[in-house]
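For reference, the structure is listed below as structure tokens.
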Amino acid sequence: MDGVYVLLIWVKRKRRIRIGKLGPLVFMRGLYFYVGRALDGLEARIERHLRKSKKHFWHIDYLLEYSEILGIIYVWTSHGKSECKIAYNLGKRFKLIENFGSSDCKCKSHLFFKPMQIKKHLCKGAPVATNRERRPNGVRERRGRETVSAPG
Ligand SMILES: [Zn+2]
């Protein structure tokens, strides 16, 4: 299924990272938001992002080698424009890393940045718990609740 997602990424300390063809960029310590879209395979894409060893293909692959995914927000949608709309809105609030992840669209960037400190103990238990919980399975999350939406 198609979907749009935002990765919440933590960069522990200031670091220079070579981001493919973009070249070397300096990443400050802080929280990063990366907006992405997966056509026909949102689960696979998210699992790929979570995997540590992989071939570098997208800009985000280079950054993830030196950072940590704190959380993932995702939405099942086939509405192609949502990805760039989210990017546009994040760009109004946060600094951006120019041209990152936006080679295929007209956005200035798909990576946004908030310099901040996170206390270690707050990070630890929070985001990535078990494989099971990590699975982006919208259906499972809804189990047990009654369906209120009507078709159409
Ligand atoms: Zn875009």
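If you're wondering about the labels, chains in the structure tokens are A, B, ... by order shown, residues count from 1 in each chain, ligands from 1 in order shown.
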
Show me which residues are within 12 Å of ligand 1 counting only C-alpha atoms and all ligand atoms, and format the list as number ranges by chain.
A: 4, 34-37, 80-91, 98-111

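Contact shell of A:Phe57 at 10 Å (only C-alpha atoms; same-chain neighbours under 4 positions omitted): Gly20, Asp61 and Tyr62 of chain A.
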
Any chance you could list, as a PDB file with C-alpha atoms, in the first residue's frame, the residues in stretch 44-125 of chain A that come up strand (DSSP E) when DSSP is run on the backbone?
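Final output, selection_0.pdb:
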```
ATOM      1  CA  GLU A  68      18.954   6.994  15.429  1.00  0.00           C
ATOM      2  CA  ILE A  69      15.290   6.730  14.521  1.00  0.00           C
ATOM      3  CA  LEU A  70      13.307   7.799  17.567  1.00  0.00           C
ATOM      4  CA  GLY A  71       9.897   7.307  16.069  1.00  0.00           C
ATOM      5  CA  ILE A  72       7.872   7.053  12.895  1.00  0.00           C
ATOM      6  CA  ILE A  73       4.586   8.666  12.011  1.00  0.00           C
ATOM      7  CA  TYR A  74       2.895   7.188   8.988  1.00  0.00           C
ATOM      8  CA  VAL A  75      -0.344   7.449   7.087  1.00  0.00           C
ATOM      9  CA  TRP A  76      -1.746   5.113   4.469  1.00  0.00           C
ATOM     10  CA  LYS A  95      15.283  24.834   9.745  1.00  0.00           C
ATOM     11  CA  LEU A  96      15.829  22.834   6.626  1.00  0.00           C
ATOM     12  CA  LEU A 111      14.597  17.075   5.976  1.00  0.00           C
ATOM     13  CA  PHE A 112      14.002  19.502   8.828  1.00  0.00           C
ATOM     14  CA  PHE A 113      15.881  20.206  11.941  1.00  0.00           C
ATOM     15  CA  LYS A 114      15.380  21.390  15.478  1.00  0.00           C
ATOM     16  CA  PRO A 115      18.512  21.876  17.552  1.00  0.00           C
TER      17      PRO A 115
END
```

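Residues in contact with A:Asp40 at 10 Å, where only C-alpha atoms are counted and same-chain residues fewer than 2 positions away are skipped, are listed as A:Met1, A:Asp2, A:Gly3, A:Arg37, A:Ala38, A:Leu42, A:Glu43, A:Ala44, A:Arg45, A:Ser78.
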
Expected answer as a PyMOL selection string: alpha helix (DSSP H) residues in stretch 51-85 of chain A
chain A and resi 59-64+82-85
